[in-house]
file data32.txt (compact mmCIF, C-alpha atoms)
# COMPACT_ATOMS: atom_id res chain seq x y z
CA MET A 239 -2.75 -26.18 17.88
CA LYS A 240 -1.01 -24.88 20.94
CA LYS A 241 -2.78 -21.82 22.33
CA HIS A 242 -0.79 -18.86 23.60
CA ASN A 243 -1.38 -16.70 26.63
CA ILE A 244 -0.52 -13.19 25.65
CA GLN A 245 -0.47 -9.88 27.46
CA PHE A 246 -0.47 -6.42 26.07
CA SER A 247 -1.53 -2.91 26.89
CA LEU A 248 -4.80 -1.90 25.25
CA ASN A 249 -5.69 1.77 25.51
CA GLY A 250 -3.70 1.99 28.71
CA GLU A 251 -5.17 -1.09 30.36
CA LYS A 252 -3.45 -4.43 30.75
CA VAL A 253 -5.07 -7.23 28.81
CA ALA A 254 -4.36 -10.95 29.22
CA ILE A 255 -6.01 -13.29 26.77
CA GLU A 256 -5.57 -16.74 25.30
CA VAL A 257 -5.33 -16.88 21.50
CA GLU A 258 -4.85 -19.43 18.74
CA PRO A 259 -1.82 -18.94 16.48
CA SER A 260 -4.20 -18.36 13.56
CA ASP A 261 -6.26 -15.63 15.28
CA VAL A 262 -6.04 -12.32 13.47
CA LEU A 263 -5.48 -9.29 15.69
CA LEU A 264 -8.40 -7.34 14.21
CA ASP A 265 -10.83 -10.18 14.91
CA VAL A 266 -9.64 -10.53 18.51
CA LEU A 267 -9.94 -6.78 19.13
CA ARG A 268 -13.44 -6.61 17.71
CA GLY A 269 -14.86 -10.00 18.59
CA ARG A 270 -13.39 -10.67 22.00
CA LEU A 271 -12.27 -7.37 23.45
CA GLY A 272 -15.17 -5.19 22.37
CA ILE A 273 -13.04 -2.69 20.49
CA LYS A 274 -15.14 -1.62 17.54
CA SER A 275 -13.37 1.39 16.04
CA PRO A 276 -11.13 -0.71 13.77
CA LYS A 277 -13.40 -2.03 11.03
CA VAL A 278 -13.32 -5.07 8.79
CA GLY A 279 -13.17 -3.53 5.35
CA CYS A 280 -11.16 -5.17 2.59
CA ASP A 281 -9.51 -7.44 5.17
CA ARG A 282 -6.36 -7.51 3.03
CA GLY A 283 -4.42 -4.41 3.98
CA ASP A 284 -5.57 -2.12 1.21
CA CYS A 285 -8.36 0.01 2.69
CA GLY A 286 -7.05 1.14 6.09
CA THR A 287 -10.32 0.81 8.02
CA CYS A 288 -8.66 -1.61 10.49
CA THR A 289 -5.91 0.89 11.40
CA ILE A 290 -4.64 0.82 15.00
CA LEU A 291 -1.52 2.18 16.70
CA LEU A 292 0.91 -0.56 17.68
CA ASN A 293 3.84 0.76 19.71
CA GLY A 294 2.94 4.24 18.47
CA LYS A 295 2.80 3.45 14.76
CA THR A 296 -0.22 2.85 12.58
CA ILE A 297 -0.53 -0.70 11.35
CA ARG A 298 -3.11 -2.80 9.58
CA SER A 299 -4.62 -4.97 12.30
CA CYS A 300 -6.07 -7.26 9.62
CA LEU A 301 -2.50 -8.18 8.64
CA ALA A 302 -1.21 -9.00 12.12
CA LEU A 303 -1.61 -12.18 14.11
CA ALA A 304 -3.05 -11.63 17.57
CA VAL A 305 -0.18 -13.59 19.07
CA GLU A 306 2.26 -11.00 17.72
CA ALA A 307 0.67 -8.42 20.03
CA ASP A 308 2.26 -10.05 23.08
CA GLY A 309 4.22 -7.43 25.02
CA THR A 310 3.17 -4.54 22.82
CA GLU A 311 1.22 -1.36 23.43
CA ILE A 312 -1.94 -1.01 21.38
CA VAL A 313 -3.93 2.17 21.10
CA THR A 314 -7.15 2.37 19.12
CA LEU A 315 -9.35 5.39 18.48
CA GLU A 316 -11.18 4.59 21.73
CA GLY A 317 -7.99 5.30 23.68
CA ALA A 318 -6.25 7.73 21.37
CA ASN A 319 -8.74 10.51 21.89
CA THR A 320 -7.75 10.88 25.52
CA THR A 321 -4.04 10.05 25.27
CA ARG A 322 -2.79 11.46 21.96
CA LYS A 323 -2.40 15.16 21.52
CA TRP A 324 -4.04 15.51 18.13
CA THR A 325 -6.78 12.90 18.06
CA GLN A 326 -9.61 14.75 19.76
CA LYS A 327 -8.79 17.95 17.90
CA LEU A 328 -9.03 16.00 14.67
CA GLN A 329 -12.33 14.44 15.71
CA LYS A 330 -13.83 17.84 16.48
CA LYS A 331 -12.60 19.28 13.19
CA PHE A 332 -13.90 16.29 11.22
CA HIS A 333 -17.28 16.81 12.85
CA GLU A 334 -17.24 20.53 12.18
CA LYS A 335 -16.17 20.17 8.53
CA ASN A 336 -18.43 17.23 7.78
CA ALA A 337 -15.30 15.31 6.83
CA PHE A 338 -17.01 11.96 7.00
CA GLN A 339 -20.41 10.75 5.98
CA CYS A 340 -20.94 7.05 6.67
CA GLY A 341 -18.03 7.15 9.12
CA PHE A 342 -16.62 3.73 8.27
CA CYS A 343 -13.21 5.07 7.29
CA ALA A 344 -13.05 7.80 9.93
CA PRO A 345 -11.29 5.93 12.79
CA GLY A 346 -8.52 4.82 10.44
CA VAL A 347 -8.17 8.22 8.81
CA ILE A 348 -8.01 9.97 12.17
CA LEU A 349 -5.34 7.60 13.50
CA SER A 350 -3.28 8.04 10.33
CA ALA A 351 -3.65 11.80 10.68
CA THR A 352 -2.69 11.55 14.38
CA GLU A 353 0.52 9.76 13.43
CA LEU A 354 1.25 12.34 10.73
CA LEU A 355 0.74 15.36 13.00
CA GLU A 356 2.86 13.81 15.75
CA LYS A 357 5.76 13.66 13.29
CA ASN A 358 5.04 16.73 11.22
CA GLY A 359 3.10 19.60 12.75
CA ARG A 360 3.06 21.59 9.54
CA PRO A 361 2.16 19.14 6.78
CA SER A 362 1.57 20.26 3.22
CA ALA A 363 -1.51 19.08 1.36
CA HIS A 364 0.75 16.55 -0.37
CA ASP A 365 2.08 15.28 2.97
CA ILE A 366 -1.50 14.80 4.14
CA LYS A 367 -2.55 12.98 0.99
CA GLU A 368 0.48 10.70 1.26
CA ALA A 369 -0.25 10.01 4.94
CA ILE A 370 -3.83 8.95 4.26
CA ALA A 371 -3.17 7.27 0.89
CA GLY A 372 -3.80 3.93 2.57
CA ASN A 373 -7.18 4.97 3.97
CA LEU A 374 -9.94 4.70 1.43
CA CYS A 375 -13.07 6.82 1.73
CA ARG A 376 -15.98 6.17 -0.60
CA CYS A 377 -18.15 9.08 0.54
CA THR A 378 -16.36 12.39 0.75
CA GLY A 379 -14.01 12.60 -2.20
CA TYR A 380 -11.27 13.37 0.38
CA GLU A 381 -11.36 17.15 0.01
CA PRO A 382 -13.04 17.84 3.39
CA ILE A 383 -10.76 15.24 5.03
CA VAL A 384 -7.60 16.93 3.76
CA ALA A 385 -9.00 20.33 4.73
CA ALA A 386 -9.90 19.11 8.24
CA ILE A 387 -6.41 17.73 8.84
CA GLU A 388 -4.80 20.88 7.45
CA GLU A 389 -6.91 23.13 9.67
CA THR A 390 -6.29 20.98 12.73
CA ALA A 391 -2.55 21.33 12.17
CA LYS A 392 -2.85 25.10 11.82
CA GLY A 393 -4.98 25.24 14.97
CA ARG A 394 -7.74 27.09 13.19
CA MET B 175 -11.61 -13.38 6.99
CA PRO B 176 -10.44 -16.07 9.40
CA ILE B 177 -7.29 -18.05 8.79
CA THR B 178 -8.34 -21.65 8.27
CA THR B 179 -4.87 -23.17 8.03
CA GLU B 180 -3.73 -24.55 11.37
CA PHE B 181 -0.16 -23.94 12.37
CA GLU B 182 2.05 -23.64 15.43
CA TYR B 183 3.57 -20.28 16.31
CA VAL B 184 7.07 -19.99 17.70
CA LYS B 185 9.16 -16.94 18.54
CA PRO B 186 12.80 -18.04 18.92
CA LYS B 187 14.99 -16.09 21.30
CA ASP B 188 18.23 -16.76 19.48
CA MET B 189 19.42 -17.51 15.99
CA ASP B 190 20.41 -21.13 16.65
CA GLU B 191 16.91 -21.93 17.83
CA ALA B 192 15.40 -20.27 14.75
CA LEU B 193 17.73 -22.08 12.35
CA HIS B 194 17.02 -25.35 14.10
CA VAL B 195 13.28 -24.94 13.45
CA PHE B 196 13.91 -24.23 9.78
CA SER B 197 16.23 -27.21 9.44
CA LEU B 198 13.53 -29.47 10.91
CA TYR B 199 10.48 -28.09 9.11
CA ARG B 200 12.04 -26.77 5.88
CA GLU B 201 9.20 -25.93 3.41
CA LYS B 202 6.68 -26.38 6.22
CA ALA B 203 8.10 -23.42 8.14
CA ARG B 204 7.43 -19.80 7.21
CA ALA B 205 9.33 -16.80 8.52
CA LEU B 206 7.30 -13.94 9.99
CA ALA B 207 8.67 -10.41 10.26
CA GLY B 208 6.22 -7.69 9.18
CA GLY B 209 3.63 -10.23 8.10
CA THR B 210 1.99 -7.94 5.54
CA ASP B 211 2.35 -10.60 2.86
CA LEU B 212 2.38 -13.73 5.02
CA VAL B 213 -0.87 -13.05 6.89
CA MET B 214 -2.59 -12.38 3.56
CA HIS B 215 -1.20 -15.63 2.17
CA LEU B 216 -2.41 -17.49 5.26
CA LYS B 217 -5.90 -16.05 4.83
CA GLU B 218 -5.97 -17.07 1.19
CA ASN B 219 -4.49 -20.51 1.85
CA ILE B 220 -1.59 -19.69 -0.47
CA ALA B 221 0.72 -20.37 2.47
CA ARG B 222 -0.08 -23.51 4.48
CA PRO B 223 2.81 -23.85 6.93
CA GLU B 224 2.97 -26.19 9.88
CA VAL B 225 4.90 -23.62 11.85
CA VAL B 226 5.19 -19.84 11.65
CA VAL B 227 8.50 -18.59 13.00
CA ASP B 228 8.31 -15.04 14.34
CA LEU B 229 11.78 -13.52 13.91
CA LYS B 230 11.09 -10.29 15.78
CA ALA B 231 12.95 -11.29 18.96
CA LEU B 232 16.25 -11.78 17.09
CA ASP B 233 18.23 -8.62 17.76
CA GLU B 234 20.90 -9.40 15.19
CA LEU B 235 18.25 -9.13 12.47
CA ALA B 236 17.49 -5.58 13.59
CA VAL B 237 20.99 -4.30 12.72
CA PHE B 238 20.83 -1.19 10.55
CA GLU B 239 24.22 0.47 10.17
CA MET B 240 26.78 1.90 7.83
CA LYS B 241 30.31 0.48 8.04
CA GLY B 242 32.84 1.95 5.64
CA SER B 243 31.10 1.96 2.28
CA THR B 244 28.65 -0.81 3.16
CA LEU B 245 25.14 -0.33 4.50
CA ARG B 246 23.76 -3.34 6.33
CA ILE B 247 19.99 -3.55 6.48
CA GLY B 248 18.85 -6.27 8.86
CA ALA B 249 15.91 -8.46 7.99
CA LEU B 250 13.65 -6.70 10.51
CA VAL B 251 14.22 -3.21 9.09
CA THR B 252 10.95 -1.81 7.75
CA PHE B 253 10.32 0.52 4.84
CA SER B 254 9.43 3.25 7.33
CA ASP B 255 12.84 2.72 8.96
CA LEU B 256 14.47 3.20 5.54
CA ILE B 257 12.44 6.33 4.82
CA ASN B 258 13.28 7.80 8.25
CA SER B 259 17.01 7.08 7.85
CA PRO B 260 19.17 10.11 6.96
CA VAL B 261 21.87 7.70 5.73
CA VAL B 262 19.54 6.02 3.25
CA LYS B 263 18.19 9.37 2.12
CA SER B 264 21.60 10.92 1.53
CA ARG B 265 23.78 7.96 0.49
CA PHE B 266 21.31 5.57 -1.18
CA PRO B 267 18.64 7.97 -2.43
CA VAL B 268 17.28 5.62 -5.08
CA LEU B 269 16.35 3.10 -2.38
CA TRP B 270 14.86 5.95 -0.36
CA GLU B 271 12.83 7.12 -3.33
CA ALA B 272 11.64 3.58 -4.08
CA SER B 273 10.68 2.97 -0.43
CA LEU B 274 8.32 5.94 -0.55
CA THR B 275 6.36 4.26 -3.32
CA VAL B 276 5.74 1.02 -1.40
CA ALA B 277 2.07 0.63 -0.42
CA SER B 278 1.02 3.09 2.31
CA VAL B 279 2.32 4.32 5.67
CA GLY B 280 0.42 1.71 7.71
CA VAL B 281 1.90 -1.09 5.61
CA ARG B 282 5.40 0.43 5.48
CA ASN B 283 5.43 0.62 9.29
CA ARG B 284 5.42 -3.19 9.32
CA ALA B 285 6.64 -4.42 5.95
CA THR B 286 10.36 -5.16 5.77
CA LEU B 287 12.82 -4.83 2.91
CA ALA B 288 13.84 -8.47 3.42
CA GLY B 289 10.21 -9.53 3.26
CA ASN B 290 9.75 -7.63 0.03
CA ILE B 291 12.55 -9.52 -1.69
CA CYS B 292 11.51 -12.84 -0.12
CA SER B 293 7.97 -12.43 -1.47
CA ALA B 294 9.74 -11.74 -4.76
CA VAL B 295 6.76 -10.54 -6.73
CA PRO B 296 7.81 -9.23 -10.16
CA SER B 297 6.67 -5.73 -9.13
CA ALA B 298 8.80 -5.52 -5.95
CA ASP B 299 9.57 -1.79 -5.74
CA SER B 300 12.74 -2.23 -3.72
CA ALA B 301 14.35 -4.61 -6.20
CA PRO B 302 15.50 -2.22 -8.96
CA ALA B 303 17.04 0.08 -6.33
CA LEU B 304 18.85 -2.84 -4.70
CA ALA B 305 20.08 -3.89 -8.14
CA VAL B 306 21.61 -0.51 -9.00
CA TYR B 307 23.43 -0.49 -5.65
CA CYS B 308 24.77 -4.01 -6.30
CA ALA B 309 23.13 -5.37 -3.16
CA GLU B 310 23.96 -8.73 -1.67
CA VAL B 311 21.49 -10.84 0.27
CA LEU B 312 22.90 -12.48 3.39
CA VAL B 313 21.27 -15.76 4.25
CA ARG B 314 21.90 -18.22 7.04
CA GLY B 315 21.06 -21.84 7.55
CA ILE B 316 22.19 -24.47 9.96
CA LYS B 317 25.14 -25.22 7.66
CA GLY B 318 26.37 -21.64 7.58
CA GLU B 319 26.11 -18.31 5.84
CA ARG B 320 25.91 -17.43 2.15
CA ARG B 321 26.00 -14.13 0.28
CA ILE B 322 23.85 -14.01 -2.80
CA PRO B 323 24.20 -11.13 -5.26
CA ILE B 324 20.83 -9.54 -5.93
CA GLY B 325 21.23 -10.45 -9.60
CA ALA B 326 21.12 -14.14 -8.69
CA TRP B 327 18.46 -13.77 -6.00
CA PHE B 328 15.25 -13.59 -8.04
CA THR B 329 14.83 -16.83 -9.94
CA GLY B 330 11.26 -16.33 -11.18
CA PRO B 331 7.90 -14.92 -10.15
CA LYS B 332 7.75 -15.33 -6.34
CA LYS B 333 10.85 -17.51 -6.48
CA THR B 334 14.24 -16.87 -4.92
CA ALA B 335 17.61 -18.53 -4.43
CA LEU B 336 16.82 -19.09 -0.73
CA ASN B 337 16.94 -22.72 0.38
CA PRO B 338 14.13 -24.06 2.59
CA GLU B 339 16.37 -24.38 5.66
CA GLU B 340 17.67 -20.83 5.35
CA ILE B 341 16.48 -17.37 6.39
CA VAL B 342 17.54 -13.94 5.19
CA THR B 343 19.52 -12.13 7.87
CA ALA B 344 20.33 -8.88 6.08
CA VAL B 345 20.77 -7.06 2.81
CA GLU B 346 24.01 -5.18 2.18
CA LEU B 347 24.42 -2.26 -0.20
CA GLU B 348 27.65 -0.83 -1.56
CA LEU B 349 28.14 2.90 -2.06
CA PRO B 350 28.87 3.69 -5.70
CA GLY B 351 32.58 4.54 -6.01
CA LYS B 352 32.09 7.75 -7.95
CA LYS B 353 29.84 10.73 -7.43
CA SER B 354 26.47 9.57 -8.58
CA ALA B 355 22.77 10.29 -8.73
CA GLY B 356 19.79 8.22 -9.62
CA CYS B 357 16.07 7.92 -9.94
CA TYR B 358 13.35 5.35 -9.36
CA MET B 359 10.41 5.88 -11.62
CA LYS B 360 7.27 3.93 -10.86
CA LEU B 361 4.31 3.73 -13.15
CA ALA B 362 1.04 3.10 -11.32
CA ARG B 363 -2.61 3.67 -12.09
CA TYR B 364 -2.92 6.47 -9.58
CA GLU B 365 -0.92 8.37 -7.01
CA GLY B 366 -1.00 6.74 -3.58
CA GLU B 367 -0.90 3.03 -3.00
CA ASP B 368 -0.77 0.80 -6.04
CA LEU B 369 1.41 -1.99 -7.33
CA ALA B 370 3.78 -1.01 -10.11
CA GLN B 371 2.69 -1.43 -13.69
CA GLY B 372 6.37 -0.96 -14.32
CA GLY B 373 9.37 0.41 -12.47
CA VAL B 374 12.75 1.66 -13.70
CA ALA B 375 15.71 2.57 -11.50
CA VAL B 376 18.82 4.23 -12.88
CA LEU B 377 22.09 5.29 -11.33
CA VAL B 378 24.37 7.66 -13.23
CA SER B 379 27.98 8.26 -12.16
CA SER B 380 30.20 11.21 -12.92
CA ASP B 381 32.46 9.00 -15.09
CA ASP B 382 29.52 8.35 -17.45
CA THR B 383 28.81 4.84 -16.25
CA TYR B 384 25.21 3.85 -15.88
CA ARG B 385 23.25 1.22 -14.02
CA VAL B 386 19.69 0.38 -15.03
CA ALA B 387 17.26 -2.07 -13.44
CA VAL B 388 13.55 -2.76 -13.79
CA CYS B 389 10.61 -4.40 -12.03
CA ALA B 390 7.16 -5.51 -13.18
CA LEU B 391 8.47 -5.71 -16.73
CA GLY B 392 9.38 -9.39 -16.74
CA PRO B 393 9.07 -12.53 -14.61
CA ALA B 394 11.53 -11.12 -12.08
CA PRO B 395 13.14 -7.76 -11.34
CA SER B 396 16.47 -7.48 -13.15
CA ARG B 397 19.44 -5.37 -14.22
CA CYS B 398 19.57 -4.38 -17.87
CA PRO B 399 23.19 -4.92 -19.01
CA GLY B 400 22.46 -4.30 -22.69
CA THR B 401 20.90 -0.93 -21.91
CA GLU B 402 23.83 -0.07 -19.67
CA ALA B 403 26.28 -1.00 -22.45
CA ALA B 404 24.45 1.34 -24.83
CA LEU B 405 24.86 4.16 -22.33
CA ASN B 406 28.27 3.58 -20.77
CA GLY B 407 31.00 6.02 -21.73
CA ASN B 408 28.55 8.45 -23.29
CA LYS B 409 27.02 11.66 -22.13
CA LEU B 410 23.26 11.47 -22.17
CA GLY B 411 22.32 12.99 -25.51
CA GLU B 412 19.61 12.33 -28.04
CA LYS B 413 21.50 9.59 -29.87
CA THR B 414 22.64 7.80 -26.73
CA LEU B 415 19.16 7.89 -25.30
CA ALA B 416 17.69 6.54 -28.53
CA ARG B 417 20.16 3.63 -28.45
CA ALA B 418 19.34 2.91 -24.82
CA LYS B 419 15.62 2.97 -25.50
CA GLU B 420 16.18 0.53 -28.34
CA ALA B 421 18.29 -1.73 -26.14
CA ILE B 422 15.90 -1.88 -23.18
CA LEU B 423 13.10 -3.30 -25.32
CA LYS B 424 15.25 -6.40 -25.82
CA GLU B 425 15.68 -6.80 -22.05
CA VAL B 426 12.11 -6.60 -20.82
CA SER B 427 9.29 -9.07 -21.39
CA PRO B 428 6.14 -7.63 -19.82
CA ILE B 429 2.81 -9.41 -19.78
CA THR B 430 -0.76 -8.20 -20.05
CA ASP B 431 -2.57 -8.34 -16.72
CA ILE B 432 -5.20 -6.51 -14.71
CA ARG B 433 -2.95 -3.47 -14.30
CA SER B 434 -2.06 -2.83 -17.95
CA SER B 435 -1.41 -4.36 -21.32
CA LYS B 436 1.91 -5.64 -22.56
CA GLU B 437 1.94 -3.02 -25.32
CA TYR B 438 1.38 -0.17 -22.88
CA ARG B 439 4.13 -1.47 -20.63
CA LEU B 440 6.57 -1.70 -23.55
CA HIS B 441 5.73 1.83 -24.63
CA MET B 442 6.06 3.18 -21.10
CA THR B 443 9.33 1.32 -20.47
CA GLN B 444 11.05 3.58 -22.99
CA ILE B 445 9.40 6.69 -21.64
CA MET B 446 10.25 5.82 -18.05
CA LEU B 447 13.85 5.04 -18.98
CA GLY B 448 14.18 8.39 -20.72
CA ARG B 449 12.66 10.38 -17.89
CA ALA B 450 14.56 8.49 -15.20
CA LEU B 451 17.87 9.08 -16.99
CA GLU B 452 17.16 12.75 -17.56
CA THR B 453 16.13 13.19 -13.92
CA ALA B 454 19.20 11.33 -12.68
CA VAL B 455 21.59 13.38 -14.84
CA ALA B 456 19.95 16.60 -13.68
CA ARG B 457 20.32 15.46 -10.05
CA LEU B 458 23.97 14.63 -10.66
CA PHE B 459 24.46 18.34 -11.40
CA GLY B 460 22.43 19.42 -8.40
CA LYS B 461 19.35 20.17 -10.45
CA GLY B 462 16.17 18.27 -11.23
CA ALA B 463 13.29 17.27 -9.01
CA LYS B 464 14.06 16.45 -5.38
CA TYR B 465 14.19 12.78 -4.50
CA GLY B 466 10.76 11.53 -3.58
CA THR B 467 8.90 13.99 -5.77
CA GLU B 468 6.13 12.32 -7.71
CA ASN B 469 7.93 11.99 -11.00
CA ILE B 470 5.83 10.17 -13.52
CA ALA B 471 2.38 11.78 -13.59
call {"tool": "encode", "arguments": {"input": "data32.txt", "output": "structure tokens"}}
result
Amino acid sequence: MKKHNIQFSLNGEKVAIEVEPSDVLLDVLRGRLGIKSPKVGCDRGDCGTCTILLNGKTIRSCLALAVEADGTEIVTLEGANTTRKWTQKLQKKFHEKNAFQCGFCAPGVILSATELLEKNGRPSAHDIKEAIAGNLCRCTGYEPIVAAIEETAKGR
Amino acid sequence: MPITTEFEYVKPKDMDEALHVFSLYREKARALAGGTDLVMHLKENIARPEVVVDLKALDELAVFEMKGSTLRIGALVTFSDLINSPVVKSRFPVLWEASLTVASVGVRNRATLAGNICSAVPSADSAPALAVYCAEVLVRGIKGERRIPIGAWFTGPKKTALNPEEIVTAVELELPGKKSAGCYMKLARYEGEDLAQGGVAVLVSSDDTYRVAVCALGPAPSRCPGTEAALNGNKLGEKTLARAKEAILKEVSPITDIRSSKEYRLHMTQIMLGRALETAVARLFGKGAKYGTENIA
């Protein structure tokens, strides 16, 4: 099949790479570009561990073809913590509140929370739950996650 | 999970080029917009196209505007776009409410309304809302354009009236003529992302006319004309509601599957209809729960 040369911005740096039409974006990020924060979880769009920011919005990188990334701007947790206002604050608060245990879901949760706080600086607990409804966590029971996001928003 | 199907990828720059590809490849071509269903189908070998046609460079599919009493929603408009639209929220609140129940934010940022009705699963959350707003699906092929009423669109589970050489360009919704209010009630196993076990949308107008539509309660989403006939011309009282609940059982044909049993769905159909109607009538008088409030739990 015809390969495609694509270019996109990855965490602020220009990337040029050749991909097959059938390459999945998540696999290219992890396997060829060394970006390990998005995880392979359910690999079908349900669990949210593969969350990245594409043109500023969270998407499931397991449900995107790599070739679709041509001309876009991709930010993963690796880049978000220096470029997005809320990300590092969230990371610190997650650490402080023990809001993750195994950590597998944490990059996705933090990016979803980053997107939420960028749009809504004063989210209710319901807003937070809705924003992270697509990020499954099997360790914490969510309570410390919701509390960490709430406290980050309040600047406590 | 790698995609094992081999296919070519094209991203046409104009509509003629796109339609040309579909006229050549027909069933062997698949349209790509948000990709949240297609990429999954590629992984599972449910879709085995020879060519995937990325529509995202076609500006005319991105149109999202209100003209007169018609809202045009281009095929590239995502559920997040619908949720963030003040026009959808204020003028077509049932669609707004239904959009909030689709999957999760990260999926809604990509998934399109057009994709939802093209996938045409029986549980498509957008479908009952489109039905109560008498939506029309605009499709184009190399031979020209067609408008398909939403009632004729779904022809079976995952089946639509779209021909292989055609693509959906937009969905158009008509404002209800009279003052109206509505409700989309979705039954799911838990709050957050889940497919509907059943969904009921209602629209109530100030002249006591009613529109009712369902999803996940039969092979395809559909309007419920018998239920509407039982309601029309009446204020919503105990007797009217009882007649409507009787009528809707004749218009749904749910199955037993992993999400619930047929019996539970039948039971909940009546309950959802009742609650949706009561909520819609309350909203018509400026009362009742705000649109988007979790309303079934």
call {"tool": "interface_residues", "arguments": {"input": "data32.txt", "of": "chain A", "to": "chain B", "cutoff": "10 Å", "atoms": "all atoms listed in the file", "output": "PyMOL selection string"}}
result
chain A and resi 239-242+258-262+264-265+278+280-286+289-292+295-303+305-306+346+350+353-354+367-373
call {"tool": "axis_aligned_box", "arguments": {"input": "data32.txt", "around": "stretch 264-272 of chain A", "padding_each_side": "8 Å", "output": "lines of an AutoDock Vina configuration file"}}
result
center_x = -11.8
center_y = -7.9
center_z = 18.8
size_x = 22.8
size_y = 21.5
size_z = 25.2
call {"tool": "atom_distance", "arguments": {"input": "data32.txt", "atom1": "atom CA of B:Glu271", "atom2": "atom CA of B:Thr467"}}
result
8.3 Å
call {"tool": "residues_around", "arguments": {"input": "data32.txt", "residues": "stretch 314-328 of chain B", "least_positions_apart": "4", "cutoff": "10 Å", "atoms": "all atoms listed in the file", "output": "PyMOL selection string"}}
result
chain B and resi 189-197+291-296+301-302+304-310+332-347+393-397
call {"tool": "atom_distance", "arguments": {"input": "data32.txt", "atom1": "atom CA of B:Ala450", "atom2": "atom CA of B:Lys424"}}
result
18.3 Å
